[in-house]
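*Asks:* mmCIF, C-alpha atoms and all ligand atoms, file run_24.cif:
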```cif
data_protein
#
loop_
_atom_site.label_atom_id
_atom_site.label_comp_id
_atom_site.auth_asym_id
_atom_site.auth_seq_id
_atom_site.Cartn_x
_atom_site.Cartn_y
_atom_site.Cartn_z
CA MET A 142 -17.91 -41.29 14.27
CA LYS A 143 -17.89 -42.64 10.75
CA ASN A 144 -18.22 -41.21 7.29
CA VAL A 145 -17.47 -37.64 8.50
CA PHE A 146 -15.33 -35.13 6.63
CA VAL A 147 -14.29 -32.13 8.72
CA LEU A 148 -13.21 -29.46 6.26
CA ASP A 149 -10.17 -27.82 7.76
CA HIS A 150 -9.27 -25.35 5.03
CA PRO A 151 -7.96 -22.19 6.75
CA LEU A 152 -10.51 -19.96 5.01
CA ILE A 153 -13.37 -22.14 6.23
CA GLN A 154 -11.99 -22.31 9.77
CA HIS A 155 -11.43 -18.55 9.93
CA LYS A 156 -14.93 -17.78 8.74
CA ILE A 157 -16.45 -20.31 11.18
CA SER A 158 -14.75 -18.43 14.02
CA LEU A 159 -16.34 -15.17 12.86
CA LEU A 160 -19.69 -16.93 12.58
CA ARG A 161 -19.52 -18.22 16.15
CA ASP A 162 -18.81 -14.73 17.56
CA LYS A 163 -21.89 -13.40 19.34
CA ASN A 164 -21.02 -9.90 18.12
CA THR A 165 -21.40 -10.88 14.45
CA GLN A 166 -24.59 -9.23 13.21
CA THR A 167 -27.18 -10.49 10.73
CA LYS A 168 -25.73 -9.04 7.50
CA GLU A 169 -22.24 -10.40 8.14
CA PHE A 170 -23.60 -13.69 9.47
CA ARG A 171 -25.59 -14.23 6.27
CA GLU A 172 -22.58 -13.39 4.09
CA LEU A 173 -20.36 -15.76 6.07
CA VAL A 174 -22.83 -18.65 5.77
CA MET A 175 -22.94 -18.09 2.02
CA GLU A 176 -19.16 -17.91 1.69
CA ILE A 177 -18.48 -20.97 3.87
CA SER A 178 -21.08 -22.96 1.94
CA MET A 179 -19.38 -22.08 -1.33
CA LEU A 180 -15.97 -23.10 0.02
CA MET A 181 -17.39 -26.35 1.41
CA GLY A 182 -19.06 -27.04 -1.92
CA TYR A 183 -15.61 -27.39 -3.43
CA GLU A 184 -14.97 -30.46 -1.24
CA VAL A 185 -18.50 -31.86 -1.36
CA THR A 186 -18.25 -32.05 -5.16
CA ARG A 187 -14.71 -33.42 -5.23
CA ASN A 188 -15.73 -36.93 -6.32
CA MET A 189 -18.01 -35.88 -9.16
CA PRO A 190 -17.25 -38.09 -12.15
CA LEU A 191 -15.65 -36.57 -15.25
CA LYS A 192 -15.73 -37.57 -18.88
CA GLU A 193 -13.26 -36.68 -21.57
CA VAL A 194 -14.42 -34.49 -24.45
CA GLU A 195 -12.73 -32.71 -27.30
CA ILE A 196 -12.99 -28.92 -27.31
CA GLU A 197 -11.89 -26.73 -30.19
CA THR A 198 -9.72 -23.93 -28.92
CA PRO A 199 -8.89 -21.00 -31.23
CA VAL A 200 -5.67 -22.79 -32.20
CA GLY A 201 -6.29 -26.52 -31.88
CA VAL A 202 -8.26 -29.36 -30.30
CA ALA A 203 -7.95 -30.10 -26.60
CA LYS A 204 -8.83 -33.41 -25.00
CA THR A 205 -10.30 -32.16 -21.76
CA ASN A 206 -12.74 -33.08 -18.97
CA ILE A 207 -16.28 -32.07 -18.15
CA ILE A 208 -18.56 -33.20 -15.32
CA SER A 209 -20.67 -36.24 -16.15
CA GLY A 210 -22.82 -38.63 -14.16
CA LYS A 211 -25.81 -37.82 -12.01
CA LYS A 212 -27.11 -34.30 -11.86
CA LEU A 213 -27.17 -32.59 -8.51
CA GLY A 214 -29.97 -31.38 -6.29
CA ILE A 215 -29.68 -29.18 -3.22
CA VAL A 216 -32.21 -29.60 -0.42
CA PRO A 217 -32.08 -27.03 2.39
CA ILE A 218 -33.88 -27.81 5.62
CA LEU A 219 -35.96 -24.69 6.32
CA ARG A 220 -35.36 -22.23 7.63
CA ALA A 221 -31.67 -22.02 8.36
CA GLY A 222 -30.62 -24.28 5.48
CA LEU A 223 -31.80 -21.57 3.08
CA GLY A 224 -28.72 -19.52 3.96
CA MET A 225 -26.47 -22.20 2.46
CA VAL A 226 -28.16 -22.48 -0.94
CA ASP A 227 -26.78 -19.42 -2.73
CA GLY A 228 -23.16 -20.31 -2.01
CA LEU A 229 -23.63 -23.76 -3.54
CA LEU A 230 -25.57 -22.38 -6.49
CA LYS A 231 -22.64 -20.12 -7.33
CA LEU A 232 -20.62 -23.30 -7.95
CA LEU A 233 -23.49 -25.39 -9.30
CA PRO A 234 -25.81 -23.01 -11.14
CA MET A 235 -27.68 -25.85 -12.87
CA ALA A 236 -28.57 -27.70 -9.65
CA LYS A 237 -32.26 -27.94 -8.81
CA VAL A 238 -33.37 -26.93 -5.34
CA GLY A 239 -35.96 -28.75 -3.22
CA HIS A 240 -37.17 -27.57 0.18
CA ILE A 241 -38.05 -29.44 3.35
CA GLY A 242 -39.63 -27.45 6.16
CA LEU A 243 -38.97 -28.85 9.61
CA TYR A 244 -38.85 -27.22 13.00
CA ARG A 245 -37.90 -28.75 16.30
CA ASP A 246 -40.64 -29.14 18.86
CA PRO A 247 -39.22 -27.17 21.80
CA GLU A 248 -40.45 -29.79 24.31
CA THR A 249 -39.57 -33.07 22.64
CA LEU A 250 -36.81 -31.67 20.33
CA GLY A 251 -38.32 -33.98 17.66
CA PRO A 252 -38.72 -32.64 14.09
CA VAL A 253 -42.15 -31.42 12.93
CA GLU A 254 -42.66 -31.28 9.16
CA TYR A 255 -44.56 -28.33 7.69
CA TYR A 256 -43.50 -28.11 4.04
CA CYS A 257 -41.94 -30.24 1.35
CA LYS A 258 -41.36 -29.67 -2.35
CA LEU A 259 -38.74 -31.64 -4.25
CA PRO A 260 -37.80 -31.61 -7.95
CA GLU A 261 -39.88 -34.08 -10.01
CA ASP A 262 -36.78 -35.96 -11.16
CA VAL A 263 -35.30 -36.10 -7.64
CA SER A 264 -34.78 -39.88 -7.76
CA GLU A 265 -32.32 -39.44 -10.66
CA ARG A 266 -30.22 -36.87 -8.82
CA GLU A 267 -27.46 -36.90 -6.26
CA ILE A 268 -28.81 -34.85 -3.37
CA VAL A 269 -26.92 -32.60 -0.96
CA VAL A 270 -29.02 -31.86 2.14
CA VAL A 271 -27.92 -28.60 3.76
CA ASP A 272 -28.53 -27.27 7.27
CA PRO A 273 -26.04 -25.20 9.31
CA MET A 274 -26.62 -27.12 12.55
CA LEU A 275 -26.59 -30.87 13.22
CA ALA A 276 -27.61 -30.98 16.88
CA THR A 277 -29.56 -34.10 17.96
CA GLY A 278 -29.63 -35.07 14.29
CA GLY A 279 -33.41 -35.53 14.38
CA SER A 280 -34.16 -32.94 11.67
CA ALA A 281 -31.47 -34.12 9.26
CA SER A 282 -32.34 -37.78 9.80
CA ALA A 283 -36.04 -37.12 9.08
CA ALA A 284 -35.20 -35.04 5.98
CA ILE A 285 -32.87 -37.74 4.64
CA GLN A 286 -35.51 -40.43 5.24
CA TYR A 287 -38.09 -38.33 3.41
CA ILE A 288 -35.76 -37.95 0.42
CA LYS A 289 -34.92 -41.68 0.44
CA ASP A 290 -38.64 -42.46 0.43
CA LYS A 291 -38.86 -40.54 -2.86
CA GLY A 292 -36.40 -43.02 -4.40
CA VAL A 293 -33.11 -41.13 -4.01
CA SER A 294 -30.11 -43.43 -3.56
CA SER A 295 -27.24 -40.95 -3.29
CA ILE A 296 -27.35 -38.37 -0.49
CA LYS A 297 -24.73 -36.22 1.24
CA LEU A 298 -25.30 -34.05 4.30
CA MET A 299 -23.53 -30.71 4.53
CA CYS A 300 -23.66 -28.74 7.76
CA LEU A 301 -21.50 -26.07 9.34
CA ILE A 302 -21.34 -27.22 12.96
CA ALA A 303 -22.10 -30.79 14.00
CA SER A 304 -22.38 -32.29 17.45
CA LYS A 305 -20.98 -35.73 18.18
CA ASP A 306 -24.52 -36.89 19.07
CA GLY A 307 -25.83 -35.65 15.74
CA ILE A 308 -23.13 -37.46 13.82
CA ASP A 309 -23.81 -40.68 15.77
CA ARG A 310 -27.51 -40.36 14.98
CA ILE A 311 -26.91 -39.99 11.23
CA ASN A 312 -24.34 -42.83 11.28
CA LYS A 313 -26.96 -45.05 12.96
CA ASP A 314 -30.00 -44.08 10.89
CA HIS A 315 -28.24 -43.53 7.55
CA PRO A 316 -24.86 -45.27 7.43
CA ASP A 317 -24.72 -44.65 3.67
CA VAL A 318 -24.79 -40.85 4.05
CA ALA A 319 -21.48 -38.97 4.20
CA ILE A 320 -21.43 -35.92 6.50
CA TYR A 321 -19.43 -32.82 5.55
CA CYS A 322 -18.99 -30.23 8.28
CA ALA A 323 -16.62 -27.46 9.30
CA ALA A 324 -16.49 -28.22 13.04
CA VAL A 325 -17.49 -30.94 15.50
CA ASP A 326 -18.56 -29.67 18.91
CA GLU A 327 -18.58 -31.73 22.10
CA LYS A 328 -22.04 -31.46 23.55
CA LEU A 329 -25.64 -30.29 23.58
CA ASN A 330 -27.28 -28.34 26.37
CA ASP A 331 -30.65 -29.23 27.95
CA HIS A 332 -32.47 -27.37 25.15
CA GLY A 333 -30.65 -29.30 22.44
CA TYR A 334 -28.36 -26.40 21.50
CA ILE A 335 -24.84 -27.18 20.37
CA ILE A 336 -22.26 -25.98 22.93
CA PRO A 337 -20.29 -23.85 22.18
CA GLY A 338 -21.94 -23.79 18.72
CA LEU A 339 -23.09 -20.45 17.39
CA GLY A 340 -26.54 -20.08 18.93
CA ASP A 341 -29.74 -20.26 16.90
CA ALA A 342 -28.69 -20.31 13.26
CA GLY A 343 -32.14 -19.42 11.87
CA ASP A 344 -32.58 -16.46 14.20
CA ARG A 345 -29.09 -15.14 13.47
CA LEU A 346 -29.55 -15.53 9.70
CA PHE A 347 -32.91 -13.84 9.54
CA GLY A 348 -32.60 -11.40 12.42
CA THR A 349 -35.57 -12.82 14.29
CA LYS A 350 -34.04 -12.41 17.73
C1 LIG A 401 -32.42 -25.83 13.68
C2 LIG A 401 -31.36 -26.18 12.64
C3 LIG A 401 -31.70 -27.60 12.30
C4 LIG A 401 -32.17 -28.14 13.62
C5 LIG A 401 -31.04 -28.93 14.22
O1 LIG A 401 -33.60 -25.53 13.09
O2 LIG A 401 -31.35 -25.31 11.55
O3 LIG A 401 -32.70 -27.73 11.32
O4 LIG A 401 -32.48 -27.02 14.46
O5 LIG A 401 -31.45 -29.56 15.36
P1 LIG A 401 -31.58 -31.14 15.47
O6 LIG A 401 -30.33 -31.71 14.86
O7 LIG A 401 -31.66 -31.37 16.94
O8 LIG A 401 -32.82 -31.60 14.76
P2 LIG A 401 -34.86 -24.99 13.94
O9 LIG A 401 -35.72 -26.13 14.37
O10 LIG A 401 -34.37 -24.08 15.02
O11 LIG A 401 -35.70 -24.22 12.85
P3 LIG A 401 -35.35 -22.91 12.01
O12 LIG A 401 -34.29 -23.29 11.01
O13 LIG A 401 -36.65 -22.60 11.35
O14 LIG A 401 -34.90 -21.82 12.94
N1 LIG A 402 -30.45 -25.34 16.14
C1 LIG A 402 -29.69 -24.22 16.14
O1 LIG A 402 -29.98 -23.26 15.41
N2 LIG A 402 -28.63 -24.16 16.95
C2 LIG A 402 -28.30 -25.18 17.75
O2 LIG A 402 -27.30 -25.07 18.48
C3 LIG A 402 -29.09 -26.34 17.73
C4 LIG A 402 -30.15 -26.39 16.91
#
```
Would you kindly transcribe this structure into structure tokens?
*Replies:*
Amino acid sequence: MKNVFVLDHPLIQHKISLLRDKNTQTKEFRELVMEISMLMGYEVTRNMPLKEVEIETPVGVAKTNIISGKKLGIVPILRAGLGMVDGLLKLLPMAKVGHIGLYRDPETLGPVEYYCKLPEDVSEREIVVVDPMLATGGSASAAIQYIKDKGVSSIKLMCLIASKDGIDRINKDHPDVAIYCAAVDEKLNDHGYIIPGLGDAGDRLFGTK
């Protein structure tokens, strides 16, 4: 496993445990996904470049730093990635949001695209792809390839729970993409679910099961 950052902040780890619990209901699940995404956003943006500016305070002039460099874009993979957007937008209110709709074919587990809308200036932005689950890695790999094909050169992947297989897949297909996650789980079951994971993230977020 390369290029993986497992975010071990106690608040993130505690909230991931609540998220995994089968007794956690939709409202709390949604709030937790939002909160964890916000906390993870702190690390995902750690390397943003700064530039020095002068700011007039009420009593003097401060040499101080503001964020410079590429603007950010957030691209959730629908549906479950939607749950991670608001938490990041709380930190990055000026970020533009694109959407990529993919679902996994239940037989082949391969991603099927059904929607895509990215900001017009996407190629000038640093993009954070968000999806709670990195299972086989097929969906994230396809989404990243789609974004690269639009001319984007700087992409990060942020997920909540990743499988080792999923990380290997992204390392192989996109060695330039750093993966930020809160947990790495051992295995997938025969249906491509992460074990122990948290179940079906989309269904738990939207109450569809
Ligand atoms: C889930 C999840 C990822 C994908 C991960 O979405 O949110 O997008 O599966 O699996 P993979 O790494 O094997 O591709 P799902 O297809 O269940 O769609 P949904 O978000 O609409 O529920
Ligand atoms: N998608 C999910 O929602 N959960 C998994 O465990 C795998 C894919």
*Asks:* Show me which residues line ligand LIG 401 (chain A), defined as having an atom within 7 Å of a ligand atom where all atoms listed in the file count, and present them as a list in words.
*Replies:*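 Those residues are Ile218, Leu219, Arg220, Ala221, Gly222, Leu243, Tyr244, Arg245, Leu250, Gly251, Pro252, Asp272, Pro273, Met274, Leu275, Ala276, Thr277, Gly278, Gly279, Ser280, Ala281, Gly307, Gly333, Asp341, Ala342, Gly343 and Asp344 of chain A.
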*Asks:* Considering only C-alpha atoms, return as number ranges by chain whatever protein or nucleic-acid residues lie within 12 Å of Cys300 in chain A, sequence-local ones (same chain, fewer than 3 positions apart) excluded.
*Replies:* A: 145-148, 157, 174, 177-178, 181-182, 185, 216-218, 221-226, 269-276, 278, 280-281, 297, 303-304, 307-308, 319-325, 342
*Asks:* Calculated over all atoms listed in the file, which of the candidates A:Gly201, A:Gly242, A:Gly338, A:Gly292 has the smallest distance to ligand LIG 402 (chain A)?
*Replies:*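 Residue with the minimum atom-to-atom distance to ligand LIG 402 (chain A): A:Gly338.
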*Asks:* Using all atoms listed in the file, give me every residue within 8 Å of (-17.0, -37.0, -16.0) in file coordinates, as a list in words.
*Replies:*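 Selection result: Met189, Pro190, Leu191, Lys192, Glu193, Asn206, Ile207, Ile208, Ser209 and Gly210 of chain A.
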*Asks:* Any idea what the distance is between CA of Met235 in chain A and CA of Lys291 in chain A?
*Replies:*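 Spanning CA of Met235 in chain A to CA of Lys291 in chain A is a straight-line distance of 21.0 Å.
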*Asks:* Give the answer as one residue: which of A:Glu265, A:Leu213, A:Tyr334, A:Met175 has the shortest atom-to-atom distance to Pro247 in chain A, using all atoms listed in the file?
*Replies:*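 The shortest atom-to-atom distance to Pro247 in chain A comes from A:Tyr334.
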*Asks:* Just the number, please: distance in Å from atom N2 of ligand LIG 402 (chain A) to CA of Lys313 in chain A, one decimal.
*Replies:* 21.3 Å
*Asks:* In Å to one decimal, how far is CA of Ile336 in chain A from atom O2 of ligand LIG 402 (chain A)?
*Replies:* 6.8 Å
*Asks:* Looking at A:Arg345, A:Ile268, A:Lys350, A:Val293, which one is nearest to Phe170 in chain A, with distances taken over all atoms listed in the file?
*Replies:*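 For Phe170 in chain A, the nearest of the candidates is A:Arg345.
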*Asks:* Skip Asp290 in chain A itself and residues of its chain fewer than 4 positions away, then list as an mmCIF file with C-alpha atoms, in the frame of the given file all residues within 12 Å of it, counting only C-alpha atoms.
*Replies:*
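New file part-v2.cif:
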```
data_model
loop_
_atom_site.group_PDB
_atom_site.id
_atom_site.type_symbol
_atom_site.label_atom_id
_atom_site.label_comp_id
_atom_site.auth_asym_id
_atom_site.auth_seq_id
_atom_site.Cartn_x
_atom_site.Cartn_y
_atom_site.Cartn_z
ATOM 1 C CA LEU A 259 -38.740 -31.640 -4.250
ATOM 2 C CA VAL A 263 -35.300 -36.100 -7.640
ATOM 3 C CA SER A 264 -34.780 -39.880 -7.760
ATOM 4 C CA ALA A 283 -36.040 -37.120 9.080
ATOM 5 C CA ALA A 284 -35.200 -35.040 5.980
ATOM 6 C CA ILE A 285 -32.870 -37.740 4.640
ATOM 7 C CA GLN A 286 -35.510 -40.430 5.240
ATOM 8 C CA SER A 294 -30.110 -43.430 -3.560
#
```
*Asks:* I need the residue nearest Leu173 in chain A from this list: A:His332, A:Lys231, A:Arg187, A:Lys156. Use all atoms listed in the file for the distance.
*Replies:* A:Lys156
*Asks:* Using only C-alpha atoms and all ligand atoms, which of A:Ser158, A:Thr198, A:Ser282, A:Asn330 sits nearest ligand LIG 402 (chain A)?
*Replies:*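 For ligand LIG 402 (chain A), the nearest of the given residues is A:Asn330.
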*Asks:* Considering all atoms listed in the file, state which residue in the set A:Arg161, A:Met299, A:Asn312, A:Pro199 is at the smallest distance from ligand LIG 402 (chain A).
*Replies:*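 Closest to ligand LIG 402 (chain A) of all the choices is A:Arg161.
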*Asks:* Please fill the gaps in range 285-296 of chain A so it has all heavy atoms, and write that as a PDB file, in the coordinates of the input.
*Replies:*
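Final file, result.pdb:
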```pdb
ATOM      1  N   ILE A 285     -33.522 -36.727   5.481  1.00  0.00           N
ATOM      2  CA  ILE A 285     -32.870 -37.740   4.640  1.00  0.00           C
ATOM      3  C   ILE A 285     -33.832 -38.904   4.376  1.00  0.00           C
ATOM      4  O   ILE A 285     -33.946 -39.393   3.256  1.00  0.00           O
ATOM      5  CB  ILE A 285     -31.564 -38.235   5.314  1.00  0.00           C
ATOM      6  CG1 ILE A 285     -30.524 -37.112   5.313  1.00  0.00           C
ATOM      7  CG2 ILE A 285     -31.024 -39.472   4.624  1.00  0.00           C
ATOM      8  CD1 ILE A 285     -29.325 -37.352   6.224  1.00  0.00           C
ATOM      9  N   GLN A 286     -34.555 -39.321   5.427  1.00  0.00           N
ATOM     10  CA  GLN A 286     -35.510 -40.430   5.240  1.00  0.00           C
ATOM     11  C   GLN A 286     -36.584 -40.047   4.237  1.00  0.00           C
ATOM     12  O   GLN A 286     -36.953 -40.846   3.368  1.00  0.00           O
ATOM     13  CB  GLN A 286     -36.145 -40.799   6.593  1.00  0.00           C
ATOM     14  CG  GLN A 286     -36.968 -42.075   6.532  1.00  0.00           C
ATOM     15  CD  GLN A 286     -36.129 -43.263   6.040  1.00  0.00           C
ATOM     16  OE1 GLN A 286     -35.074 -43.547   6.590  1.00  0.00           O
ATOM     17  NE2 GLN A 286     -36.574 -43.940   4.967  1.00  0.00           N
ATOM     18  N   TYR A 287     -37.060 -38.800   4.333  1.00  0.00           N
ATOM     19  CA  TYR A 287     -38.090 -38.330   3.410  1.00  0.00           C
ATOM     20  C   TYR A 287     -37.575 -38.396   1.977  1.00  0.00           C
ATOM     21  O   TYR A 287     -38.270 -38.835   1.054  1.00  0.00           O
ATOM     22  CB  TYR A 287     -38.475 -36.882   3.771  1.00  0.00           C
ATOM     23  CG  TYR A 287     -39.694 -36.417   3.042  1.00  0.00           C
ATOM     24  CD1 TYR A 287     -40.959 -36.551   3.591  1.00  0.00           C
ATOM     25  CD2 TYR A 287     -39.578 -35.860   1.769  1.00  0.00           C
ATOM     26  CE1 TYR A 287     -42.089 -36.146   2.900  1.00  0.00           C
ATOM     27  CE2 TYR A 287     -40.694 -35.446   1.071  1.00  0.00           C
ATOM     28  CZ  TYR A 287     -41.942 -35.590   1.645  1.00  0.00           C
ATOM     29  OH  TYR A 287     -43.054 -35.196   0.939  1.00  0.00           O
ATOM     30  N   ILE A 288     -36.343 -37.974   1.775  1.00  0.00           N
ATOM     31  CA  ILE A 288     -35.760 -37.950   0.420  1.00  0.00           C
ATOM     32  C   ILE A 288     -35.533 -39.389  -0.068  1.00  0.00           C
ATOM     33  O   ILE A 288     -35.811 -39.719  -1.220  1.00  0.00           O
ATOM     34  CB  ILE A 288     -34.442 -37.140   0.438  1.00  0.00           C
ATOM     35  CG1 ILE A 288     -34.757 -35.674   0.745  1.00  0.00           C
ATOM     36  CG2 ILE A 288     -33.714 -37.240  -0.891  1.00  0.00           C
ATOM     37  CD1 ILE A 288     -33.537 -34.855   1.121  1.00  0.00           C
ATOM     38  N   LYS A 289     -35.093 -40.270   0.828  1.00  0.00           N
ATOM     39  CA  LYS A 289     -34.920 -41.680   0.440  1.00  0.00           C
ATOM     40  C   LYS A 289     -36.260 -42.281   0.025  1.00  0.00           C
ATOM     41  O   LYS A 289     -36.336 -43.052  -0.925  1.00  0.00           O
ATOM     42  CB  LYS A 289     -34.337 -42.481   1.611  1.00  0.00           C
ATOM     43  CG  LYS A 289     -32.849 -42.283   1.807  1.00  0.00           C
ATOM     44  CD  LYS A 289     -32.334 -43.214   2.900  1.00  0.00           C
ATOM     45  CE  LYS A 289     -30.816 -43.161   3.007  1.00  0.00           C
ATOM     46  NZ  LYS A 289     -30.321 -43.938   4.153  1.00  0.00           N
ATOM     47  N   ASP A 290     -37.311 -41.919   0.754  1.00  0.00           N
ATOM     48  CA  ASP A 290     -38.640 -42.460   0.430  1.00  0.00           C
ATOM     49  C   ASP A 290     -39.117 -42.032  -0.950  1.00  0.00           C
ATOM     50  O   ASP A 290     -40.032 -42.631  -1.509  1.00  0.00           O
ATOM     51  CB  ASP A 290     -39.668 -42.049   1.499  1.00  0.00           C
ATOM     52  CG  ASP A 290     -39.415 -42.742   2.832  1.00  0.00           C
ATOM     53  OD1 ASP A 290     -38.642 -43.730   2.849  1.00  0.00           O
ATOM     54  OD2 ASP A 290     -39.968 -42.288   3.857  1.00  0.00           O
ATOM     55  N   LYS A 291     -38.519 -40.986  -1.498  1.00  0.00           N
ATOM     56  CA  LYS A 291     -38.860 -40.540  -2.860  1.00  0.00           C
ATOM     57  C   LYS A 291     -37.965 -41.244  -3.900  1.00  0.00           C
ATOM     58  O   LYS A 291     -37.955 -40.870  -5.072  1.00  0.00           O
ATOM     59  CB  LYS A 291     -38.665 -39.016  -3.001  1.00  0.00           C
ATOM     60  CG  LYS A 291     -39.540 -38.207  -2.089  1.00  0.00           C
ATOM     61  CD  LYS A 291     -40.953 -38.195  -2.602  1.00  0.00           C
ATOM     62  CE  LYS A 291     -41.865 -37.499  -1.581  1.00  0.00           C
ATOM     63  NZ  LYS A 291     -43.274 -37.780  -1.772  1.00  0.00           N
ATOM     64  N   GLY A 292     -37.171 -42.203  -3.454  1.00  0.00           N
ATOM     65  CA  GLY A 292     -36.400 -43.020  -4.400  1.00  0.00           C
ATOM     66  C   GLY A 292     -34.972 -42.572  -4.626  1.00  0.00           C
ATOM     67  O   GLY A 292     -34.298 -43.087  -5.513  1.00  0.00           O
ATOM     68  N   VAL A 293     -34.480 -41.623  -3.821  1.00  0.00           N
ATOM     69  CA  VAL A 293     -33.110 -41.130  -4.010  1.00  0.00           C
ATOM     70  C   VAL A 293     -32.124 -42.117  -3.374  1.00  0.00           C
ATOM     71  O   VAL A 293     -32.318 -42.538  -2.238  1.00  0.00           O
ATOM     72  CB  VAL A 293     -32.942 -39.723  -3.386  1.00  0.00           C
ATOM     73  CG1 VAL A 293     -31.509 -39.232  -3.554  1.00  0.00           C
ATOM     74  CG2 VAL A 293     -33.919 -38.746  -4.013  1.00  0.00           C
ATOM     75  N   SER A 294     -31.060 -42.444  -4.101  1.00  0.00           N
ATOM     76  CA  SER A 294     -30.110 -43.430  -3.560  1.00  0.00           C
ATOM     77  C   SER A 294     -28.774 -42.812  -3.185  1.00  0.00           C
ATOM     78  O   SER A 294     -27.941 -43.455  -2.563  1.00  0.00           O
ATOM     79  CB  SER A 294     -29.887 -44.543  -4.587  1.00  0.00           C
ATOM     80  OG  SER A 294     -29.412 -43.978  -5.790  1.00  0.00           O
ATOM     81  N   SER A 295     -28.550 -41.551  -3.567  1.00  0.00           N
ATOM     82  CA  SER A 295     -27.240 -40.950  -3.290  1.00  0.00           C
ATOM     83  C   SER A 295     -27.430 -39.605  -2.592  1.00  0.00           C
ATOM     84  O   SER A 295     -27.904 -38.637  -3.188  1.00  0.00           O
ATOM     85  CB  SER A 295     -26.504 -40.786  -4.626  1.00  0.00           C
ATOM     86  OG  SER A 295     -25.276 -40.189  -4.392  1.00  0.00           O
ATOM     87  N   ILE A 296     -27.090 -39.575  -1.315  1.00  0.00           N
ATOM     88  CA  ILE A 296     -27.350 -38.370  -0.490  1.00  0.00           C
ATOM     89  C   ILE A 296     -26.097 -38.032   0.312  1.00  0.00           C
ATOM     90  O   ILE A 296     -25.444 -38.906   0.883  1.00  0.00           O
ATOM     91  CB  ILE A 296     -28.523 -38.620   0.490  1.00  0.00           C
ATOM     92  CG1 ILE A 296     -29.794 -39.014  -0.279  1.00  0.00           C
ATOM     93  CG2 ILE A 296     -28.795 -37.371   1.347  1.00  0.00           C
ATOM     94  CD1 ILE A 296     -30.962 -39.422   0.615  1.00  0.00           C
TER      95      ILE A 296
END
```
